[in-house]
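Chemist: Please find my_file-v2.pdb (PDB, C-alpha atoms) on the next line:
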ATOM      1  CA  MET A   1     -57.848  32.976  58.980
ATOM      2  CA  ALA A   2     -59.229  36.115  57.313
ATOM      3  CA  SER A   3     -62.071  35.483  54.890
ATOM      4  CA  ALA A   4     -62.443  37.043  51.452
ATOM      5  CA  PRO A   5     -65.023  37.023  48.651
ATOM      6  CA  ALA A   6     -66.112  33.609  47.399
ATOM      7  CA  LEU A   7     -64.603  32.267  44.190
ATOM      8  CA  ILE A   8     -66.961  32.636  41.224
ATOM      9  CA  ASP A   9     -65.638  32.224  37.699
ATOM     10  CA  ARG A  10     -66.658  34.270  34.672
ATOM     11  CA  HIS A  11     -69.352  31.723  33.802
ATOM     12  CA  GLY A  12     -71.046  32.064  37.182
ATOM     13  CA  ARG A  13     -69.780  28.750  38.590
ATOM     14  CA  THR A  14     -68.778  28.697  42.259
ATOM     15  CA  ILE A  15     -65.344  27.161  42.792
ATOM     16  CA  SER A  16     -65.421  25.014  45.928
ATOM     17  CA  TYR A  17     -62.920  22.248  45.159
ATOM     18  CA  LEU A  18     -59.113  22.496  45.030
ATOM     19  CA  ARG A  19     -56.922  19.663  43.847
ATOM     20  CA  ILE A  20     -53.280  19.966  44.913
ATOM     21  CA  SER A  21     -50.545  18.031  43.122
ATOM     22  CA  VAL A  22     -47.980  17.756  45.894
ATOM     23  CA  THR A  23     -45.458  16.117  43.549
ATOM     24  CA  ASP A  24     -45.199  15.304  39.852
ATOM     25  CA  ARG A  25     -43.224  12.169  40.719
ATOM     26  CA  CYS A  26     -44.642   8.671  40.826
ATOM     27  CA  ASP A  27     -43.183   5.275  41.635
ATOM     28  CA  LEU A  28     -45.212   3.676  38.809
ATOM     29  CA  ARG A  29     -45.273   4.495  35.081
ATOM     30  CA  CYS A  30     -48.807   3.813  33.894
ATOM     31  CA  ARG A  31     -48.761   3.677  30.098
ATOM     32  CA  TYR A  32     -51.772   5.957  29.506
ATOM     33  CA  CYS A  33     -50.413   8.562  31.952
ATOM     34  CA  MET A  34     -46.633   8.808  31.528
ATOM     35  CA  ALA A  35     -43.849   8.080  29.107
ATOM     36  CA  GLU A  36     -41.465   5.393  30.304
ATOM     37  CA  GLU A  37     -38.591   7.875  30.573
ATOM     38  CA  MET A  38     -39.970  10.888  32.419
ATOM     39  CA  THR A  39     -38.195  14.109  33.332
ATOM     40  CA  PHE A  40     -39.491  15.433  36.637
ATOM     41  CA  LEU A  41     -39.169  18.917  38.092
ATOM     42  CA  PRO A  42     -36.031  19.766  40.072
ATOM     43  CA  ARG A  43     -36.887  19.708  43.769
ATOM     44  CA  ASP A  44     -35.811  23.329  44.252
ATOM     45  CA  GLN A  45     -38.630  24.448  41.933
ATOM     46  CA  LEU A  46     -41.356  22.876  44.053
ATOM     47  CA  LEU A  47     -43.572  24.663  46.520
ATOM     48  CA  SER A  48     -42.466  24.145  50.091
ATOM     49  CA  LEU A  49     -44.776  22.394  52.543
ATOM     50  CA  GLU A  50     -45.424  25.745  54.199
ATOM     51  CA  GLU A  51     -46.318  27.416  50.896
ATOM     52  CA  ILE A  52     -48.744  24.637  49.922
ATOM     53  CA  ALA A  53     -50.416  24.965  53.310
ATOM     54  CA  ILE A  54     -50.691  28.762  53.039
ATOM     55  CA  ILE A  55     -52.233  28.538  49.564
ATOM     56  CA  GLY A  56     -54.597  25.756  50.649
ATOM     57  CA  GLU A  57     -55.701  27.733  53.698
ATOM     58  CA  ARG A  58     -56.295  30.820  51.577
ATOM     59  CA  PHE A  59     -58.569  28.839  49.291
ATOM     60  CA  ILE A  60     -60.457  27.576  52.350
ATOM     61  CA  ALA A  61     -60.902  31.179  53.510
ATOM     62  CA  ARG A  62     -62.369  31.967  50.105
ATOM     63  CA  GLY A  63     -64.961  29.226  50.182
ATOM     64  CA  VAL A  64     -63.256  26.033  49.025
ATOM     65  CA  ARG A  65     -64.950  23.162  50.877
ATOM     66  CA  LYS A  66     -62.984  20.203  49.581
ATOM     67  CA  ILE A  67     -59.256  19.638  49.024
ATOM     68  CA  ARG A  68     -57.791  16.579  47.368
ATOM     69  CA  LEU A  69     -54.064  15.785  47.558
ATOM     70  CA  THR A  70     -52.856  14.205  44.316
ATOM     71  CA  GLY A  71     -49.739  13.752  42.233
ATOM     72  CA  GLY A  72     -47.927  11.961  40.626
ATOM     73  CA  ASP A  73     -48.418   9.929  43.707
ATOM     74  CA  PRO A  74     -48.711  12.131  46.801
ATOM     75  CA  LEU A  75     -47.262   9.476  49.118
ATOM     76  CA  VAL A  76     -43.947   9.715  47.275
ATOM     77  CA  ARG A  77     -43.389  13.123  48.900
ATOM     78  CA  ARG A  78     -41.863  12.586  52.329
ATOM     79  CA  ASP A  79     -43.587  15.502  54.071
ATOM     80  CA  VAL A  80     -47.089  14.747  52.776
ATOM     81  CA  GLY A  81     -48.140  13.475  56.218
ATOM     82  CA  GLU A  82     -47.288  16.834  57.768
ATOM     83  CA  LEU A  83     -49.213  18.639  55.028
ATOM     84  CA  ALA A  84     -52.250  16.420  55.592
ATOM     85  CA  HIS A  85     -52.205  17.234  59.307
ATOM     86  CA  ARG A  86     -51.882  20.972  58.622
ATOM     87  CA  LEU A  87     -54.826  21.052  56.219
ATOM     88  CA  GLY A  88     -56.806  18.459  58.153
ATOM     89  CA  ARG A  89     -57.107  20.882  61.081
ATOM     90  CA  HIS A  90     -59.657  22.791  59.012
ATOM     91  CA  VAL A  91     -62.028  19.856  58.481
ATOM     92  CA  GLY A  92     -65.241  20.891  60.210
ATOM     93  CA  ALA A  93     -63.989  24.472  60.461
ATOM     94  CA  GLY A  94     -64.374  25.755  56.905
ATOM     95  CA  LEU A  95     -63.346  22.602  55.086
ATOM     96  CA  ASP A  96     -65.860  19.794  54.581
ATOM     97  CA  GLU A  97     -63.376  17.196  53.430
ATOM     98  CA  LEU A  98     -59.685  16.489  52.935
ATOM     99  CA  THR A  99     -59.022  13.472  50.776
ATOM    100  CA  MET A 100     -56.390  11.903  48.529
ATOM    101  CA  THR A 101     -55.884   9.974  45.314
ATOM    102  CA  THR A 102     -53.008   7.477  45.418
ATOM    103  CA  ASN A 103     -51.741   4.503  43.443
ATOM    104  CA  GLY A 104     -51.745   2.562  46.726
ATOM    105  CA  ASN A 105     -48.126   1.499  46.440
ATOM    106  CA  ARG A 106     -47.155   3.117  49.762
ATOM    107  CA  LEU A 107     -50.580   3.156  51.357
ATOM    108  CA  ALA A 108     -49.834   0.479  53.964
ATOM    109  CA  ASP A 109     -47.217   2.800  55.490
ATOM    110  CA  TYR A 110     -49.492   5.847  55.594
ATOM    111  CA  ALA A 111     -53.072   4.650  56.191
ATOM    112  CA  ASP A 112     -53.161   5.277  59.940
ATOM    113  CA  ARG A 113     -51.481   8.664  59.553
ATOM    114  CA  LEU A 114     -54.048   9.763  56.988
ATOM    115  CA  VAL A 115     -56.875   8.884  59.367
ATOM    116  CA  ASP A 116     -55.119  10.775  62.163
ATOM    117  CA  ALA A 117     -54.880  13.789  59.849
ATOM    118  CA  GLY A 118     -58.649  13.859  59.397
ATOM    119  CA  MET A 119     -59.152  11.926  56.176
ATOM    120  CA  ARG A 120     -62.166   9.656  56.056
ATOM    121  CA  ARG A 121     -62.020   8.378  52.500
ATOM    122  CA  ILE A 122     -59.490   7.986  49.698
ATOM    123  CA  ASN A 123     -59.371   7.049  46.027
ATOM    124  CA  VAL A 124     -57.009   4.299  44.894
ATOM    125  CA  SER A 125     -56.088   3.970  41.218
ATOM    126  CA  LEU A 126     -56.300   0.303  40.204
ATOM    127  CA  ASP A 127     -56.795  -0.695  36.573
ATOM    128  CA  SER A 128     -56.315  -4.436  36.984
ATOM    129  CA  ARG A 129     -56.104  -6.988  39.781
ATOM    130  CA  ALA A 130     -54.302  -9.487  37.518
ATOM    131  CA  PRO A 131     -50.577  -9.465  38.412
ATOM    132  CA  ASP A 132     -49.279  -9.699  34.820
ATOM    133  CA  ARG A 133     -51.648  -7.056  33.481
ATOM    134  CA  PHE A 134     -50.957  -4.736  36.391
ATOM    135  CA  ARG A 135     -47.233  -5.085  35.829
ATOM    136  CA  HIS A 136     -47.700  -4.353  32.128
ATOM    137  CA  ILE A 137     -49.874  -1.250  32.514
ATOM    138  CA  THR A 138     -47.662   0.190  35.290
ATOM    139  CA  ARG A 139     -44.466  -1.087  33.632
ATOM    140  CA  HIS A 140     -43.114  -2.592  36.871
ATOM    141  CA  GLY A 141     -45.764  -2.511  39.608
ATOM    142  CA  ASP A 142     -46.668  -5.288  42.051
ATOM    143  CA  VAL A 143     -50.443  -5.542  42.451
ATOM    144  CA  ALA A 144     -50.070  -7.552  45.686
ATOM    145  CA  ARG A 145     -48.435  -4.540  47.301
ATOM    146  CA  VAL A 146     -51.282  -2.260  46.211
ATOM    147  CA  LEU A 147     -53.931  -4.715  47.403
ATOM    148  CA  GLY A 148     -52.103  -4.917  50.731
ATOM    149  CA  GLY A 149     -52.240  -1.124  50.960
ATOM    150  CA  ILE A 150     -55.963  -1.177  50.265
ATOM    151  CA  ASP A 151     -56.441  -3.766  53.019
ATOM    152  CA  ALA A 152     -54.461  -1.568  55.437
ATOM    153  CA  ALA A 153     -56.545   1.480  54.538
ATOM    154  CA  ALA A 154     -59.776  -0.444  55.092
ATOM    155  CA  ARG A 155     -58.554  -1.668  58.495
ATOM    156  CA  ALA A 156     -57.660   1.907  59.421
ATOM    157  CA  GLY A 157     -61.265   2.919  58.772
ATOM    158  CA  LEU A 158     -60.902   4.742  55.465
ATOM    159  CA  ALA A 159     -63.754   4.476  52.986
ATOM    160  CA  ILE A 160     -62.276   3.419  49.655
ATOM    161  CA  LYS A 161     -63.178   4.216  46.094
ATOM    162  CA  ILE A 162     -61.361   2.393  43.312
ATOM    163  CA  ASN A 163     -60.544   4.476  40.238
ATOM    164  CA  MET A 164     -60.282   2.321  37.109
ATOM    165  CA  VAL A 165     -59.356   3.698  33.690
ATOM    166  CA  ALA A 166     -61.332   1.724  31.104
ATOM    167  CA  LEU A 167     -58.956   0.566  28.358
ATOM    168  CA  LYS A 168     -60.042  -1.171  25.164
ATOM    169  CA  ASP A 169     -58.522  -4.598  24.527
ATOM    170  CA  PHE A 170     -56.779  -4.471  27.876
ATOM    171  CA  ASN A 171     -59.021  -4.479  30.936
ATOM    172  CA  GLU A 172     -62.573  -4.281  29.596
ATOM    173  CA  ASP A 173     -63.133  -7.912  30.626
ATOM    174  CA  GLU A 174     -62.150  -6.998  34.201
ATOM    175  CA  ILE A 175     -64.654  -4.177  34.678
ATOM    176  CA  ALA A 176     -67.610  -6.334  35.729
ATOM    177  CA  PRO A 177     -65.425  -8.513  38.018
ATOM    178  CA  MET A 178     -63.942  -5.336  39.539
ATOM    179  CA  LEU A 179     -67.428  -4.069  40.358
ATOM    180  CA  ALA A 180     -68.355  -7.447  41.859
ATOM    181  CA  TRP A 181     -65.169  -7.372  43.977
ATOM    182  CA  CYS A 182     -65.982  -3.850  45.167
ATOM    183  CA  VAL A 183     -69.445  -5.036  46.214
ATOM    184  CA  THR A 184     -67.920  -7.839  48.328
ATOM    185  CA  ARG A 185     -65.483  -5.392  49.956
ATOM    186  CA  GLY A 186     -67.910  -2.510  50.450
ATOM    187  CA  PHE A 187     -65.891  -0.233  48.151
ATOM    188  CA  ASP A 188     -67.117   2.181  45.501
ATOM    189  CA  LEU A 189     -65.885   2.039  41.898
ATOM    190  CA  THR A 190     -65.393   4.902  39.457
ATOM    191  CA  LEU A 191     -64.714   4.200  35.791
ATOM    192  CA  ILE A 192     -62.765   6.794  33.814
ATOM    193  CA  GLU A 193     -62.328   7.347  30.090
ATOM    194  CA  THR A 194     -58.698   7.842  29.066
ATOM    195  CA  MET A 195     -57.897  11.519  28.421
ATOM    196  CA  PRO A 196     -55.526  13.080  25.854
ATOM    197  CA  LEU A 197     -53.043  14.708  28.226
ATOM    198  CA  GLY A 198     -49.298  14.738  27.559
ATOM    199  CA  VAL A 199     -47.236  12.809  25.029
ATOM    200  CA  ILE A 200     -46.970   9.097  25.833
ATOM    201  CA  ASP A 201     -45.407   6.101  24.081
ATOM    202  CA  GLU A 202     -48.682   4.612  22.836
ATOM    203  CA  ASP A 203     -51.660   5.679  20.703
ATOM    204  CA  ARG A 204     -54.558   6.525  23.008
ATOM    205  CA  VAL A 205     -57.067   5.961  20.219
ATOM    206  CA  ASP A 206     -56.240   2.244  20.276
ATOM    207  CA  ARG A 207     -57.132   2.086  23.976
ATOM    208  CA  PHE A 208     -60.123   4.431  24.108
ATOM    209  CA  LEU A 209     -63.175   2.644  25.491
ATOM    210  CA  PRO A 210     -66.416   4.682  25.556
ATOM    211  CA  LEU A 211     -68.230   4.233  28.845
ATOM    212  CA  THR A 212     -71.612   4.239  27.109
ATOM    213  CA  GLY A 213     -71.018   0.687  25.900
ATOM    214  CA  VAL A 214     -69.510  -0.338  29.222
ATOM    215  CA  MET A 215     -72.662   0.766  31.019
ATOM    216  CA  ASP A 216     -74.861  -1.250  28.661
ATOM    217  CA  ASP A 217     -72.920  -4.357  29.673
ATOM    218  CA  LEU A 218     -72.944  -3.565  33.402
ATOM    219  CA  GLN A 219     -76.666  -2.836  33.457
ATOM    220  CA  ALA A 220     -77.264  -6.267  31.980
ATOM    221  CA  ARG A 221     -75.244  -7.865  34.788
ATOM    222  CA  PHE A 222     -76.006  -5.761  37.871
ATOM    223  CA  PRO A 223     -79.164  -4.153  39.311
ATOM    224  CA  LEU A 224     -78.001  -0.562  38.858
ATOM    225  CA  VAL A 225     -80.166   2.385  39.891
ATOM    226  CA  ARG A 226     -79.397   6.072  39.510
ATOM    227  CA  ASP A 227     -78.053   7.705  42.655
ATOM    228  CA  ALA A 228     -78.059  11.418  43.479
ATOM    229  CA  HIS A 229     -74.774  11.057  45.411
ATOM    230  CA  ARG A 230     -72.199  13.764  44.648
ATOM    231  CA  THR A 231     -68.651  14.076  45.927
ATOM    232  CA  GLY A 232     -67.815  17.479  44.471
ATOM    233  CA  GLY A 233     -66.154  15.912  41.434
ATOM    234  CA  PRO A 234     -67.377  15.213  37.877
ATOM    235  CA  ALA A 235     -68.634  11.643  38.335
ATOM    236  CA  ARG A 236     -72.249  10.642  37.766
ATOM    237  CA  TYR A 237     -73.357   7.845  40.076
ATOM    238  CA  TRP A 238     -75.360   4.656  40.101
ATOM    239  CA  ARG A 239     -75.789   2.240  43.020
ATOM    240  CA  VAL A 240     -75.775  -1.516  42.965
ATOM    241  CA  GLU A 241     -79.248  -2.142  44.361
ATOM    242  CA  GLY A 242     -79.284  -3.918  47.712
ATOM    243  CA  THR A 243     -75.702  -2.855  48.496
ATOM    244  CA  ASP A 244     -73.827   0.263  49.594
ATOM    245  CA  THR A 245     -71.546   0.183  46.540
ATOM    246  CA  LYS A 246     -71.784   3.131  44.182
ATOM    247  CA  LEU A 247     -70.604   3.087  40.577
ATOM    248  CA  GLY A 248     -69.324   6.396  39.218
ATOM    249  CA  LEU A 249     -68.637   7.360  35.612
ATOM    250  CA  ILE A 250     -66.167  10.050  34.561
ATOM    251  CA  SER A 251     -66.699  10.414  30.837
ATOM    252  CA  PRO A 252     -65.131  13.644  29.549
ATOM    253  CA  LEU A 253     -65.318  12.480  25.936
ATOM    254  CA  THR A 254     -68.736  10.839  25.653
ATOM    255  CA  ALA A 255     -70.620  12.921  28.247
ATOM    256  CA  ASN A 256     -69.085  16.328  28.859
ATOM    257  CA  PHE A 257     -69.567  17.547  32.436
ATOM    258  CA  CYS A 258     -68.008  21.013  32.268
ATOM    259  CA  ASP A 259     -71.188  22.989  32.845
ATOM    260  CA  THR A 260     -71.030  22.175  36.558
ATOM    261  CA  CYS A 261     -67.242  22.398  36.976
ATOM    262  CA  ASN A 262     -66.316  23.592  40.463
ATOM    263  CA  ARG A 263     -62.612  22.719  40.393
ATOM    264  CA  VAL A 264     -59.204  24.289  40.010
ATOM    265  CA  ARG A 265     -55.830  22.567  40.207
ATOM    266  CA  LEU A 266     -52.593  23.644  41.877
ATOM    267  CA  THR A 267     -49.379  22.116  40.547
ATOM    268  CA  THR A 268     -46.435  21.152  42.693
ATOM    269  CA  GLU A 269     -44.490  24.189  41.447
ATOM    270  CA  GLY A 270     -47.278  26.577  42.391
ATOM    271  CA  VAL A 271     -49.086  27.130  39.105
ATOM    272  CA  LEU A 272     -52.893  27.227  39.229
ATOM    273  CA  PHE A 273     -54.653  25.671  36.238
ATOM    274  CA  THR A 274     -58.338  26.469  35.942
ATOM    275  CA  CYS A 275     -59.054  23.604  33.513
ATOM    276  CA  LEU A 276     -57.495  20.190  33.008
ATOM    277  CA  GLY A 277     -57.783  20.541  29.251
ATOM    278  CA  HIS A 278     -56.499  24.105  28.760
ATOM    279  CA  ASP A 279     -53.262  25.950  29.384
ATOM    280  CA  ASP A 280     -54.793  28.987  31.130
ATOM    281  CA  LYS A 281     -52.745  29.411  34.300
ATOM    282  CA  VAL A 282     -51.623  31.775  37.039
ATOM    283  CA  ASP A 283     -48.373  31.539  38.997
ATOM    284  CA  LEU A 284     -49.452  31.511  42.658
ATOM    285  CA  LYS A 285     -45.951  30.783  43.919
ATOM    286  CA  ALA A 286     -44.620  34.002  42.406
ATOM    287  CA  ALA A 287     -47.655  35.948  43.640
ATOM    288  CA  LEU A 288     -47.281  34.642  47.191
ATOM    289  CA  ARG A 289     -43.548  35.258  47.366
ATOM    290  CA  ALA A 290     -43.829  38.755  45.927
ATOM    291  CA  GLY A 291     -47.035  39.990  47.497
ATOM    292  CA  GLY A 292     -48.043  37.773  50.407
ATOM    293  CA  THR A 293     -51.742  37.113  51.008
ATOM    294  CA  ALA A 294     -52.826  40.209  49.070
ATOM    295  CA  GLY A 295     -50.788  39.146  46.063
ATOM    296  CA  LEU A 296     -52.145  35.622  46.347
ATOM    297  CA  ASP A 297     -55.750  36.866  46.414
ATOM    298  CA  ALA A 298     -55.167  39.060  43.358
ATOM    299  CA  ALA A 299     -53.685  36.145  41.426
ATOM    300  CA  ILE A 300     -56.581  33.855  42.382
ATOM    301  CA  ASP A 301     -59.058  36.515  41.228
ATOM    302  CA  ALA A 302     -57.196  36.795  37.914
ATOM    303  CA  ALA A 303     -57.504  33.022  37.476
ATOM    304  CA  MET A 304     -61.265  33.132  38.011
ATOM    305  CA  ALA A 305     -61.522  35.639  35.176
ATOM    306  CA  THR A 306     -59.845  33.256  32.713
ATOM    307  CA  LYS A 307     -61.472  29.902  33.523
ATOM    308  CA  PRO A 308     -62.827  28.483  30.231
ATOM    309  CA  ALA A 309     -66.355  27.198  29.766
ATOM    310  CA  ARG A 310     -65.224  23.666  28.895
ATOM    311  CA  HIS A 311     -62.333  21.478  27.805
ATOM    312  CA  ASP A 312     -61.604  20.617  24.172
ATOM    313  CA  PHE A 313     -60.625  16.957  24.470
ATOM    314  CA  ASP A 314     -60.486  15.022  21.202
ATOM    315  CA  ILE A 315     -59.101  11.505  21.507
ATOM    316  CA  ALA A 316     -58.450  11.303  17.750
ATOM    317  CA  ALA A 317     -56.520  14.578  17.497
ATOM    318  CA  SER A 318     -52.967  14.383  16.183
ATOM    319  CA  ALA A 319     -51.612  15.920  19.389
ATOM    320  CA  PRO A 320     -52.751  15.833  23.039
ATOM    321  CA  ALA A 321     -55.121  18.559  24.219
ATOM    322  CA  VAL A 322     -52.279  19.903  26.360
ATOM    323  CA  ALA A 323     -48.596  18.994  26.412
ATOM    324  CA  ARG A 324     -48.370  18.526  30.179
ATOM    325  CA  HIS A 325     -48.919  15.083  31.665
ATOM    326  CA  MET A 326     -51.704  14.350  34.136
ATOM    327  CA  SER A 327     -49.108  14.024  36.915
ATOM    328  CA  VAL A 328     -48.180  17.694  36.532
ATOM    329  CA  THR A 329     -51.700  18.997  37.091
ATOM    330  CA  GLY A 330     -52.888  16.301  39.454
ATOM    331  CA  GLY A 331     -54.971  13.241  38.628
TER     332      GLY A 331
END
Could you render the structure as structure tokens?
Modeler:
Amino acid sequence: MASAPALIDRHGRTISYLRISVTDRCDLRCRYCMAEEMTFLPRDQLLSLEEIAIIGERFIARGVRKIRLTGGDPLVRRDVGELAHRLGRHVGAGLDELTMTTNGNRLADYADRLVDAGMRRINVSLDSRAPDRFRHITRHGDVARVLGGIDAAARAGLAIKINMVALKDFNEDEIAPMLAWCVTRGFDLTLIETMPLGVIDEDRVDRFLPLTGVMDDLQARFPLVRDAHRTGGPARYWRVEGTDTKLGLISPLTANFCDTCNRVRLTTEGVLFTCLGHDDKVDLKAALRAGGTAGLDAAIDAAMATKPARHDFDIAASAPAVARHMSVTGG
């Protein structure tokens, strides 16, 4: 795999992390993420498995050290196991880590295959362990199925981090119990502020829960100490003293983290977004099909020249920061 110059954006940040949305489809409909009636991309507009692999491998050649497969839910796409194996061959040979974020709904069927592909840890989105609340927030999900998938992943040897979106007047009373549960299971927990992406059926302002107040409560309940752990993403970490459990905070609204951004995002139709909160983009699918590797490199270089300094999220704005939903760009 021929190497090329490293990826450095116009603000001097080295880009070492690629998130790939392998599908915009999901088998749940979380209220803060999607409208109930979603229109997904026609399948003939999506990147093929081969094209995703070629683009991923080109990013590895240019210095990307971590790839995360996302969605939608990546396990909805039938050939995701083959893609994981193709990219997983590079772990230890240019790529430090291949990982995944999933809603866990199909995890029991895939856990062993993900380990075989070279994954060693995954993120599972879980906003509530209460069956009625889980069904409400996902509109039809079965939390027992997700918990079964988490159990299967743990048995397969995958390290697990729970991603929990903190939602006012919905799950704030479950945050401390979720952390306690993660401690008993040896999982990590990352709390996330809701982000203004895409038009949904509810008012995000009503659900916005600043993590500053959440941390005040958790520090009163748990012996939390700052931890220098980094995963390549935006989270800041604490550790529950006396345990291996780490608590991460992703707080784009109350504690902007853009100055250290090292990420770009590839959509399932081959568009590269350089920022979650902006519409700057480059069509890598068109570049690859028209110009091969040289065309792909030129398009990637053009993207580096447009990456903004920071997002412009405002939870109280009359319209979302961008019209596209999180599932398009990859959660």
Chemist: Write out as JSON, numbers by chain each polymer residue whose atoms come within 8 Å of segment 81-95 of chain A, counting only C-alpha atoms; drop sequence neighbours fewer than 6 positions from it.
Modeler: {"A": [49, 52, 53, 56, 57, 60, 61, 63, 64, 65, 66, 67, 110, 113, 114, 116, 117, 118, 119]}
Chemist: So, with all atoms listed in the file as the atoms that count, which of A:Asp279, A:Asp301, A:Asp227, A:Glu241 lies closest to Arg62 of chain A?
Modeler: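 Of A:Asp279, A:Asp301, A:Asp227, A:Glu241, the one nearest Arg62 of chain A, counting all atoms listed in the file, is A:Asp301.
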Chemist: Please determine, counting only C-alpha atoms, which residue among A:Leu209, A:Ile20, A:Met304, A:Leu158 has the shortest atom-to-atom distance to Val124 of chain A.
Modeler: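 Distance minimum relative to Val124 of chain A lands on A:Leu158.
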Chemist: Tell me, as a count of residues only, which residues lie within 10 Å of Asp297 of chain A, counting all atoms listed in the file; anything in the same chain fewer than 3 positions away does not count.
Modeler: 17
Chemist: Which residue, A:Thr23, A:Val165, A:Glu97, A:Ala111, has the smallest gap to Ser128 of chain A when you use all atoms listed in the file?
Modeler: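 Using all atoms listed in the file, the shortest distance to Ser128 of chain A belongs to A:Val165.
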Chemist: Fewer than 4 positions away in the same chain doesn't count, so skip those; otherwise give me all residues within 9 Å of Arg236 of chain A, counting all atoms listed in the file, as a ChimeraX atom specification.
Modeler: /A:226-230,247-251
Chemist: Would you kindly translate the PyMOL selection byres ((chain A and resi 107) around 10) into the concrete residues it picks from this file, as a short mmCIF file (atom, residue, chain, number, x, y, z; two decimals) with C-alpha atoms, in the coordinates of the input?
Modeler:
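And here is the file that came out, result_2.cif:
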data_model
loop_
_atom_site.label_atom_id
_atom_site.label_comp_id
_atom_site.auth_asym_id
_atom_site.auth_seq_id
_atom_site.Cartn_x
_atom_site.Cartn_y
_atom_site.Cartn_z
CA LEU A 75 -47.26 9.48 49.12
CA THR A 102 -53.01 7.48 45.42
CA ASN A 103 -51.74 4.50 43.44
CA GLY A 104 -51.74 2.56 46.73
CA ASN A 105 -48.13 1.50 46.44
CA ARG A 106 -47.16 3.12 49.76
CA ALA A 108 -49.83 0.48 53.96
CA ASP A 109 -47.22 2.80 55.49
CA TYR A 110 -49.49 5.85 55.59
CA ALA A 111 -53.07 4.65 56.19
CA ASP A 112 -53.16 5.28 59.94
CA ARG A 113 -51.48 8.66 59.55
CA LEU A 114 -54.05 9.76 56.99
CA VAL A 124 -57.01 4.30 44.89
CA ARG A 145 -48.44 -4.54 47.30
CA VAL A 146 -51.28 -2.26 46.21
CA LEU A 147 -53.93 -4.72 47.40
CA GLY A 148 -52.10 -4.92 50.73
CA GLY A 149 -52.24 -1.12 50.96
CA ILE A 150 -55.96 -1.18 50.26
CA ASP A 151 -56.44 -3.77 53.02
CA ALA A 152 -54.46 -1.57 55.44
CA ALA A 153 -56.54 1.48 54.54
#
Chemist: What does the structure give for the distance between atom CA of Ala290 of chain A and atom CA of Leu46 of chain A, in Å to one decimal?
Modeler: 16.2 Å
Chemist: Got a sec to resolve the PyMOL selection byres ((chain A and resi 270) around 10) on this structure and send the residues as JSON, numbers by chain?
Modeler: {"A": [20, 21, 22, 45, 46, 47, 48, 51, 52, 55, 265, 266, 267, 268, 269, 271, 272, 273, 282, 283, 284, 285, 286, 287, 288]}
Chemist: So which residues get picked by the PyMOL selection byres ((chain A and resi 170-178) around 9) here, written as a PDB file with C-alpha atoms, in the frame of the given file?
Modeler:
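expr_16.pdb, written as the output of this step:
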ATOM      1  CA  ASP A 127     -56.795  -0.695  36.573  1.00  0.00           C
ATOM      2  CA  SER A 128     -56.315  -4.436  36.984  1.00  0.00           C
ATOM      3  CA  ARG A 129     -56.104  -6.988  39.781  1.00  0.00           C
ATOM      4  CA  ALA A 130     -54.302  -9.487  37.518  1.00  0.00           C
ATOM      5  CA  ARG A 133     -51.648  -7.056  33.481  1.00  0.00           C
ATOM      6  CA  ILE A 137     -49.874  -1.250  32.514  1.00  0.00           C
ATOM      7  CA  ILE A 162     -61.361   2.393  43.312  1.00  0.00           C
ATOM      8  CA  MET A 164     -60.282   2.321  37.109  1.00  0.00           C
ATOM      9  CA  VAL A 165     -59.356   3.698  33.690  1.00  0.00           C
ATOM     10  CA  ALA A 166     -61.332   1.724  31.104  1.00  0.00           C
ATOM     11  CA  LEU A 167     -58.956   0.566  28.358  1.00  0.00           C
ATOM     12  CA  LYS A 168     -60.042  -1.171  25.164  1.00  0.00           C
ATOM     13  CA  ASP A 169     -58.522  -4.598  24.527  1.00  0.00           C
ATOM     14  CA  LEU A 179     -67.428  -4.069  40.358  1.00  0.00           C
ATOM     15  CA  ALA A 180     -68.355  -7.447  41.859  1.00  0.00           C
ATOM     16  CA  TRP A 181     -65.169  -7.372  43.977  1.00  0.00           C
ATOM     17  CA  CYS A 182     -65.982  -3.850  45.167  1.00  0.00           C
ATOM     18  CA  VAL A 183     -69.445  -5.036  46.214  1.00  0.00           C
ATOM     19  CA  LEU A 189     -65.885   2.039  41.898  1.00  0.00           C
ATOM     20  CA  LEU A 191     -64.714   4.200  35.791  1.00  0.00           C
ATOM     21  CA  ARG A 207     -57.132   2.086  23.976  1.00  0.00           C
ATOM     22  CA  LEU A 209     -63.175   2.644  25.491  1.00  0.00           C
ATOM     23  CA  VAL A 214     -69.510  -0.338  29.222  1.00  0.00           C
ATOM     24  CA  ASP A 217     -72.920  -4.357  29.673  1.00  0.00           C
ATOM     25  CA  LEU A 218     -72.944  -3.565  33.402  1.00  0.00           C
ATOM     26  CA  ARG A 221     -75.244  -7.865  34.788  1.00  0.00           C
ATOM     27  CA  PHE A 222     -76.006  -5.761  37.871  1.00  0.00           C
TER      28      PHE A 222
END
